[in-house]
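Undergrad: Sharing a structure below in structure tokens format, with a few things to ask.
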Amino acid sequence: MSEEIKQEAERSYCVFGIGDREFLVPKETVIQILDITKIFPIPGSPDYVVGALPVRGKIVPAIDLAKVYNIERINYSNNKLLVIDIDGEQVGFLSDITPFFVSFDADIVVEDYIDPKKLFEELKVSSQKNTLNKKE
Amino acid sequence: MITQNELIKYFLLEAEDHINTLIEGIEDLEIKGYTKETLESLFRATHTLKGSASIVKLDKISLLSHKLEDLFEAILNEEIKYDNSLNRVIKNVINLISLYINEVSTNEAEKTELNQDIINLLDNILEKKEAVIEQPEVVTFEALPIVNTVRVDIRAIDNILTLLGEILVQKNAITDKEKELEEIIEGISHSGKRLINEINAFSDRYWLVTQDKHQKITDSFFTDFSDLEFDRYDEYHIFLRKIQEITNDITEAINSLFSYSEHLSYNFKSFSREIGYLKDNLIEMRMIPISRLLHRLSESIKDIAKDTGKKVQIEINGSEIKIDRPIYDAIYEPLFHILRNALNHGIESPEERIQKGKSEIGSITIEVKKEGKNIVINIKDDGRGINITKVKERAIQKGLLTADQAPFVSKEELFSFIFTPGFSTADNVDLLKGRGMGLDIVKTEISKLKGTVEVFSEIDQGTIFTIKIPQSLSISNLIIFKSYELEFAIPLSYIEEVLTLEDFPDIKRERKISHKDRNIPVKFFHELFFSANGKNLEKGYIIVFNFSGMRKGLVVEEILGYEEATIHPLGKFLAGLTQYLGYFISGKGTLRYVVDPLKIFEEEFLFISPEIIQVSTVSAGKVLIVDDSISVRKSLQSLLESKHLKVYAAKDGLEALNILEEKNVDLIITDLEMPVMHGYEFITRVRKDPRFNDIPIVVLTSRGTKRHEQKAIAAGADGYIIKPFDEVTISEILSKFEIVKEQI
């Protein structure tokens, strides 16, 4: 009984890292973790969109949060892509480490927590950010 | 023209629906009793059935439906009180209609004589406004004719099409693999042949060479024989013989591999072909003949004609052609718009037509053709046509082009202005006789279908609208090209032709090409998408688009080929990248972005270029100086600028021609001896160009002889000044050609 309560009171996150920073996203949004084999750059997209990765006939845009939060990168090797689902749309975050899962008590305020929905809205490519249009 | 038989086929399809609605409705009435909704649906079904039956001239079905409709209407209006006993009568009528539908289905006509009793009975009910109660008799519905059709949700077909799209990707992958296999087999076969040749040559040479006789034979096969039988064969020979045997085996194997691969290719080819058929069939399944749409349209137009007192005859050609369901739904409005315009503003009143010596009855022709993977719809009327002069005036008035440009704009380009939003305004209805009203919407709608619309017209001859749309929306035909190691695709539907870059050496500087008497502006793909301005293209292609009469060119480095694919949207996250229509993944797993050509040239469709407006507001005279000597250019320039003139300078003829392309010039002052392009040639060129042949040209040269002057005048010069020049001479020239206005 007491264990059940404890479980309910815990929240699980997925941790991924860029440079020396770590970020957390809710575990339930995670779809999969991919090895980055080939990314296709998308001309005209903002610099934090590294490109798109074909996954089973669909594409996942790959986002580099280093460009968003101005994080310095030490090494580019061992890149993983953490694919999360936001209201049916999949996006991927580059991670320098292999993402892993952690659980905390629900009342602990997690630092570097990312609200996927909010971030999605913030980073969503709008026509203004679209460089092709800007140039004209 | 669609045949009666075909029309009946569609009627039958439709009738089945209505009968089902009727049966369901009656059953509802029996079970749940009277509800307004049920009766309304019954009323609607009979109403439509009546209408459809009368179109195909099935009078009996039409009459019966009509009576039923009246009955339902009366009940709805509460003129007749609904009573269960009515059901029997209604069922009888429905059965009778079903009977006729059955007959039509088998004999294409209503055979049985119409039983007048039932009509009388219905009339009776309608007259007396009360339900006739007779002894109840159980009536059951008769089976409907079996029209061999199955109704399928369009999404089911779309799902299959998506799967087929994946199969196509796999097929493309196999095609690539097949080529690899062929190469491998080719390689093996080549090496095999070499091996055989080597071994044969070797054994021929060494067959008779005797080896050491004392060498012991160890092969078990041969030890069974006495040495005498093998006097000439030692281990070496045996080895050689074995090698030869193996080689022969390999040859055999290679040969069968060859024929196997040939068979495989053959099978694969037919497999590809079958997939192609499958795809065509599936797409066709999704498609509906355009005839139904066109007949609906022509009926509405005829109705409008009656109201306006105009006489019009509508001819439809090619109505058997099928189009995709989404296109079918989306094309109605634009077509209706064009047709209504043709009637309201194109076709004249009967009196006016007679006055003009035309037939009293106006004619509108709708012609549908299939051109490759596109459908072309021509709507032609023989009305008063569009006045191109007025279009031109209006375009200038709207700032879409300047008065100077107007004479050089092609007719078709001028006509395309009528699709500009707000081209014809309410306070100016007479201008295009209202034709510009809403035509921008027509164009927008058609663009959504990845289609184009063009217009051409002759005064009092009529107007022709040409709409070109892809036959199917689900699978696109694309041209694949490569830029900076990435692959892109562009829909074929807008593409008119593809030219090679080598044929247009000046394209990089001029940003346009002259092709088929048209000046086509071009853009460079790598500049737009990779901001790579410095890149010097030596080889490449110019993709020429035709956007409803506006031609634009796009330069790409490398074209990989043509492919059919289903385009997927980029998704919400990337939706802001409007330059892409979506993406698809190639057989090799490469991501290909599908570029929207309309976006590339978008700003040019706004027509209004701020530069043009600026130029037209500046009224100071503009002089172009062409001289290879910088001191002459500078001194002349300062002299002219002191007279408030705008000065452009060029150091040779070629540079000067480029300036002429971009700027409006009122006077040219040119030297004769210059590098690259000398003065005579420059003058000749300017005079040859209809846009510039009225610009005065004054020659400024140190060659004082009459012979040079005559030659220059012959080439087209208007004045001749001998260096060194002075202010007075220049001022004379300026006032002679009215470059300097007194008030400045």
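Following the order of the structure tokens, chains are lettered A, B, ..., residues in each are numbered from 1, and ligands are numbered from 1.
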Could you list, as a ChimeraX atom specification, the residues of chain A having an atom within 12 Å of chain B when counting only C-alpha atoms?
TA: /A:37-46,49,51-63,85-92,117,119-136
Undergrad: Please produce an output containing N, CA and C atoms for each residue in the selection, written as a compact mmCIF listing (two decimals), in the first residue's frame.
TA:
# COMPACT_ATOMS: atom_id res chain seq x y z
N THR A 37 22.65 8.36 -37.85
CA THR A 37 23.42 7.81 -38.96
C THR A 37 23.58 8.88 -40.03
N LYS A 38 22.45 9.31 -40.53
CA LYS A 38 22.55 10.35 -41.57
C LYS A 38 21.44 11.37 -41.35
N ILE A 39 21.86 12.60 -41.23
CA ILE A 39 20.89 13.69 -41.10
C ILE A 39 20.90 14.48 -42.39
N PHE A 40 19.72 14.79 -42.88
CA PHE A 40 19.63 15.60 -44.08
C PHE A 40 19.33 17.05 -43.69
N PRO A 41 20.27 17.94 -43.92
CA PRO A 41 20.03 19.35 -43.58
C PRO A 41 18.82 19.88 -44.37
N ILE A 42 18.12 20.83 -43.78
CA ILE A 42 16.98 21.42 -44.47
C ILE A 42 17.33 22.86 -44.79
N PRO A 43 17.64 23.16 -46.04
CA PRO A 43 17.98 24.54 -46.39
C PRO A 43 16.83 25.48 -46.02
N GLY A 44 17.18 26.58 -45.42
CA GLY A 44 16.17 27.58 -45.10
C GLY A 44 15.66 27.48 -43.67
N SER A 45 16.05 26.41 -42.96
CA SER A 45 15.54 26.26 -41.60
C SER A 45 16.46 27.01 -40.64
N PRO A 46 15.97 27.38 -39.44
CA PRO A 46 16.82 28.07 -38.47
C PRO A 46 18.00 27.20 -38.07
N VAL A 49 17.82 23.87 -36.11
CA VAL A 49 17.31 22.65 -36.76
C VAL A 49 18.45 22.08 -37.60
N GLY A 51 18.64 19.26 -39.07
CA GLY A 51 18.22 18.57 -40.27
C GLY A 51 17.07 17.64 -39.96
N ALA A 52 16.81 16.74 -40.88
CA ALA A 52 15.74 15.78 -40.68
C ALA A 52 16.29 14.38 -40.83
N LEU A 53 15.73 13.48 -40.05
CA LEU A 53 16.18 12.09 -40.04
C LEU A 53 15.04 11.21 -40.51
N PRO A 54 15.23 10.45 -41.57
CA PRO A 54 14.13 9.58 -41.99
C PRO A 54 14.00 8.39 -41.03
N VAL A 55 12.82 8.21 -40.49
CA VAL A 55 12.57 7.07 -39.60
C VAL A 55 11.29 6.38 -40.09
N ARG A 56 11.42 5.19 -40.59
CA ARG A 56 10.30 4.39 -41.07
C ARG A 56 9.36 5.20 -41.96
N GLY A 57 9.92 5.75 -42.99
CA GLY A 57 9.08 6.44 -43.97
C GLY A 57 8.62 7.82 -43.56
N LYS A 58 8.90 8.21 -42.32
CA LYS A 58 8.53 9.55 -41.87
C LYS A 58 9.81 10.30 -41.53
N ILE A 59 9.70 11.62 -41.33
CA ILE A 59 10.91 12.32 -40.93
C ILE A 59 10.76 12.91 -39.53
N VAL A 60 11.89 12.96 -38.84
CA VAL A 60 11.94 13.57 -37.52
C VAL A 60 12.91 14.74 -37.60
N PRO A 61 12.43 15.96 -37.31
CA PRO A 61 13.37 17.09 -37.30
C PRO A 61 14.31 16.98 -36.10
N ALA A 62 15.58 17.22 -36.32
CA ALA A 62 16.56 17.11 -35.24
C ALA A 62 16.94 18.51 -34.75
N ILE A 63 16.76 18.73 -33.45
CA ILE A 63 17.00 20.05 -32.87
C ILE A 63 18.26 20.01 -32.03
N ASP A 85 7.41 12.76 -28.48
CA ASP A 85 6.15 13.00 -29.16
C ASP A 85 5.43 14.16 -28.48
N ILE A 86 5.06 15.14 -29.28
CA ILE A 86 4.30 16.26 -28.73
C ILE A 86 3.00 16.36 -29.52
N ASP A 87 1.92 15.93 -28.90
CA ASP A 87 0.61 15.93 -29.56
C ASP A 87 0.65 15.31 -30.95
N GLY A 88 1.30 14.17 -31.04
CA GLY A 88 1.32 13.45 -32.31
C GLY A 88 2.41 13.89 -33.27
N GLU A 89 3.13 14.95 -32.93
CA GLU A 89 4.23 15.39 -33.79
C GLU A 89 5.54 14.94 -33.15
N GLN A 90 6.41 14.34 -33.95
CA GLN A 90 7.67 13.87 -33.39
C GLN A 90 8.79 14.85 -33.69
N VAL A 91 9.57 15.14 -32.64
CA VAL A 91 10.80 15.91 -32.86
C VAL A 91 11.92 15.22 -32.10
N GLY A 92 13.14 15.49 -32.53
CA GLY A 92 14.28 14.86 -31.88
C GLY A 92 15.23 15.89 -31.33
N LYS A 117 5.84 20.80 -24.74
CA LYS A 117 4.85 21.56 -25.50
C LYS A 117 5.29 23.01 -25.68
N LEU A 119 8.32 24.22 -25.44
CA LEU A 119 9.50 24.31 -26.30
C LEU A 119 9.12 24.15 -27.77
N PHE A 120 8.21 23.23 -28.00
CA PHE A 120 7.75 22.99 -29.37
C PHE A 120 7.20 24.29 -29.96
N GLU A 121 6.36 24.95 -29.18
CA GLU A 121 5.76 26.20 -29.67
C GLU A 121 6.82 27.27 -29.91
N GLU A 122 7.81 27.28 -28.98
CA GLU A 122 8.86 28.30 -29.10
C GLU A 122 9.74 28.09 -30.31
N LEU A 123 10.06 26.82 -30.54
CA LEU A 123 11.04 26.52 -31.58
C LEU A 123 10.42 26.22 -32.94
N LYS A 124 9.13 26.00 -32.94
CA LYS A 124 8.42 25.71 -34.18
C LYS A 124 8.85 26.71 -35.26
N VAL A 125 9.14 26.17 -36.43
CA VAL A 125 9.64 27.06 -37.49
C VAL A 125 8.47 27.88 -38.03
N SER A 126 8.55 29.18 -37.82
CA SER A 126 7.50 30.03 -38.36
C SER A 126 7.99 30.64 -39.66
N SER A 127 7.08 31.19 -40.41
CA SER A 127 7.45 31.73 -41.72
C SER A 127 8.46 32.87 -41.57
N GLN A 128 8.42 33.59 -40.42
CA GLN A 128 9.35 34.71 -40.26
C GLN A 128 10.78 34.21 -40.13
N LYS A 129 10.91 33.05 -39.43
CA LYS A 129 12.25 32.52 -39.23
C LYS A 129 12.79 31.90 -40.51
N ASN A 130 11.90 31.76 -41.43
CA ASN A 130 12.24 31.12 -42.68
C ASN A 130 13.15 32.03 -43.49
N THR A 131 14.37 31.58 -43.67
CA THR A 131 15.36 32.47 -44.26
C THR A 131 15.10 32.79 -45.72
N LEU A 132 14.45 31.89 -46.39
CA LEU A 132 14.20 32.15 -47.82
C LEU A 132 13.33 33.40 -47.95
N ASN A 133 12.33 33.47 -47.08
CA ASN A 133 11.44 34.62 -47.16
C ASN A 133 12.11 35.89 -46.65
N LYS A 134 12.93 35.70 -45.60
CA LYS A 134 13.57 36.86 -44.99
C LYS A 134 14.47 37.57 -46.01
N LYS A 135 15.15 36.73 -46.77
CA LYS A 135 16.10 37.29 -47.73
C LYS A 135 15.43 38.16 -48.78
N GLU A 136 14.24 37.75 -49.12
CA GLU A 136 13.61 38.44 -50.25
C GLU A 136 13.16 39.85 -49.91
Undergrad: Contacts of A:Phe16 at 6 Å or less, counting only C-alpha atoms, minus same-chain residues fewer than 2 places along, as a ChimeraX atom specification?
TA: /A:22-23,95,99
Undergrad: Deliver the residues from the most recent selection as a file, using N, CA and C atoms, as a JSON list (two decimals), in the first residue's frame.
TA:
[["chain", "number", "residue", "atom", "x", "y", "z"],
["A", 22, "GLU", "N", 22.67, 19.29, -18.72],
["A", 22, "GLU", "CA", 21.74, 18.16, -18.83],
["A", 22, "GLU", "C", 20.32, 18.70, -18.83],
["A", 23, "PHE", "N", 19.47, 18.04, -19.57],
["A", 23, "PHE", "CA", 18.08, 18.45, -19.65],
["A", 23, "PHE", "C", 17.17, 17.26, -19.35],
["A", 95, "SER", "N", 21.69, 14.64, -28.44],
["A", 95, "SER", "CA", 22.22, 14.43, -27.10],
["A", 95, "SER", "C", 23.64, 13.90, -27.23],
["A", 99, "PRO", "N", 20.85, 9.01, -23.59],
["A", 99, "PRO", "CA", 19.85, 9.42, -22.61],
["A", 99, "PRO", "C", 19.48, 8.27, -21.68]]
Undergrad: Can you tell me which residues surround B:Lys411 at a distance of at most 9 Å, considering only C-alpha atoms, apart from same-chain residues fewer than 5 positions away, and format the answer as a list in words?
TA: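 Here the answer would be Ile388, Ser416 and Phe456 of chain B.
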Undergrad: With all heavy atoms retained, export the selected residues as a short mmCIF file (atom, residue, chain, number, x, y, z; two decimals), in the first residue's frame.
TA:
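Wrote out_1.cif, looks like this:
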data_model
loop_
_atom_site.label_atom_id
_atom_site.label_comp_id
_atom_site.auth_asym_id
_atom_site.auth_seq_id
_atom_site.Cartn_x
_atom_site.Cartn_y
_atom_site.Cartn_z
N ILE B 388 -7.90 44.28 -74.71
CA ILE B 388 -6.54 44.23 -74.19
C ILE B 388 -5.99 45.62 -73.90
O ILE B 388 -5.21 45.82 -72.97
CB ILE B 388 -5.61 43.44 -75.16
CG1 ILE B 388 -4.29 43.10 -74.45
CG2 ILE B 388 -5.33 44.23 -76.42
CD1 ILE B 388 -3.61 41.91 -74.99
N SER B 416 -2.77 37.86 -68.37
CA SER B 416 -2.63 37.22 -67.06
C SER B 416 -2.83 38.22 -65.93
O SER B 416 -3.07 37.83 -64.79
CB SER B 416 -1.28 36.52 -66.95
OG SER B 416 -0.25 37.47 -66.88
N PHE B 456 -6.99 33.79 -73.06
CA PHE B 456 -6.67 34.48 -74.29
C PHE B 456 -7.97 34.96 -74.91
O PHE B 456 -9.01 34.32 -74.77
CB PHE B 456 -5.93 33.57 -75.27
CG PHE B 456 -5.17 34.39 -76.26
CD1 PHE B 456 -3.92 34.92 -75.92
CD2 PHE B 456 -5.70 34.68 -77.50
CE1 PHE B 456 -3.22 35.70 -76.82
CE2 PHE B 456 -4.99 35.47 -78.39
CZ PHE B 456 -3.76 35.97 -78.06
#
Undergrad: Do a neighbour search on B:Ile733 at 8 Å with only C-alpha atoms, toss out local chain neighbours closer than 4 positions, and write the hits as a PyMOL selection string.
TA: chain B and resi 719+729+737
Undergrad: Nearest residue to A:Ile71 out of A:Glu10, A:Ile36, A:Tyr48, A:Tyr113, using only C-alpha atoms?
TA: A:Tyr48
Undergrad: Using only C-alpha atoms, which residues sit within 7 Å of A:Gly19 once same-chain residues fewer than 4 positions away are excluded, as a PDB file with all heavy atoms, in the first residue's frame?
TA:
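To be explicit, this is the file written out as around03.pdb:
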ATOM      1  N   ILE A  71      25.185  26.793 -25.770  1.00  0.00           N
ATOM      2  CA  ILE A  71      26.041  25.909 -24.986  1.00  0.00           C
ATOM      3  C   ILE A  71      27.259  25.552 -25.824  1.00  0.00           C
ATOM      4  O   ILE A  71      27.136  25.248 -27.016  1.00  0.00           O
ATOM      5  CB  ILE A  71      25.287  24.612 -24.602  1.00  0.00           C
ATOM      6  CG1 ILE A  71      23.996  24.977 -23.865  1.00  0.00           C
ATOM      7  CG2 ILE A  71      26.174  23.707 -23.760  1.00  0.00           C
ATOM      8  CD1 ILE A  71      23.040  23.828 -23.708  1.00  0.00           C
ATOM      9  N   GLU A  72      28.395  25.565 -25.178  1.00  0.00           N
ATOM     10  CA  GLU A  72      29.605  25.235 -25.916  1.00  0.00           C
ATOM     11  C   GLU A  72      29.746  23.719 -26.017  1.00  0.00           C
ATOM     12  O   GLU A  72      29.534  23.007 -25.051  1.00  0.00           O
ATOM     13  CB  GLU A  72      30.831  25.826 -25.232  1.00  0.00           C
ATOM     14  CG  GLU A  72      31.883  26.257 -26.233  1.00  0.00           C
ATOM     15  CD  GLU A  72      33.026  26.977 -25.531  1.00  0.00           C
ATOM     16  OE1 GLU A  72      32.735  27.981 -24.837  1.00  0.00           O
ATOM     17  OE2 GLU A  72      34.164  26.515 -25.677  1.00  0.00           O
ATOM     18  N   ARG A  73      30.103  23.262 -27.158  1.00  0.00           N
ATOM     19  CA  ARG A  73      30.226  21.826 -27.427  1.00  0.00           C
ATOM     20  C   ARG A  73      31.675  21.405 -27.330  1.00  0.00           C
ATOM     21  O   ARG A  73      32.552  22.085 -27.851  1.00  0.00           O
ATOM     22  CB  ARG A  73      29.783  21.563 -28.871  1.00  0.00           C
ATOM     23  CG  ARG A  73      28.371  21.130 -28.999  1.00  0.00           C
ATOM     24  CD  ARG A  73      28.358  19.613 -29.097  1.00  0.00           C
ATOM     25  NE  ARG A  73      27.008  19.119 -28.864  1.00  0.00           N
ATOM     26  CZ  ARG A  73      25.980  19.448 -29.606  1.00  0.00           C
ATOM     27  NH1 ARG A  73      26.113  20.283 -30.598  1.00  0.00           N
ATOM     28  NH2 ARG A  73      24.799  18.967 -29.342  1.00  0.00           N
ATOM     29  N   ILE A  74      31.925  20.315 -26.651  1.00  0.00           N
ATOM     30  CA  ILE A  74      33.306  19.833 -26.602  1.00  0.00           C
ATOM     31  C   ILE A  74      33.524  18.807 -27.701  1.00  0.00           C
ATOM     32  O   ILE A  74      34.393  18.938 -28.530  1.00  0.00           O
ATOM     33  CB  ILE A  74      33.655  19.235 -25.221  1.00  0.00           C
ATOM     34  CG1 ILE A  74      33.197  20.209 -24.120  1.00  0.00           C
ATOM     35  CG2 ILE A  74      35.160  18.994 -25.128  1.00  0.00           C
ATOM     36  CD1 ILE A  74      32.681  19.513 -22.890  1.00  0.00           C
ATOM     37  N   ASP A  96      24.536  14.506 -26.452  1.00  0.00           N
ATOM     38  CA  ASP A  96      25.930  14.054 -26.498  1.00  0.00           C
ATOM     39  C   ASP A  96      26.125  12.798 -25.665  1.00  0.00           C
ATOM     40  O   ASP A  96      27.122  12.109 -25.791  1.00  0.00           O
ATOM     41  CB  ASP A  96      26.864  15.155 -25.977  1.00  0.00           C
ATOM     42  CG  ASP A  96      26.798  16.389 -26.865  1.00  0.00           C
ATOM     43  OD1 ASP A  96      26.321  16.254 -28.004  1.00  0.00           O
ATOM     44  OD2 ASP A  96      27.222  17.470 -26.421  1.00  0.00           O
TER      45      ASP A  96
END
Undergrad: DSSP says alpha helix (DSSP H) for which residues of stretch 78-187 of chain B? Put them as an MDAnalysis selection string?
TA: chainID B and resid 86:107 116:128 154:187
Undergrad: Pick from A:Leu81, A:Tyr13, A:Asp47, A:Lys67: nearest to A:Ile33, with only C-alpha atoms counted?
TA: A:Leu81
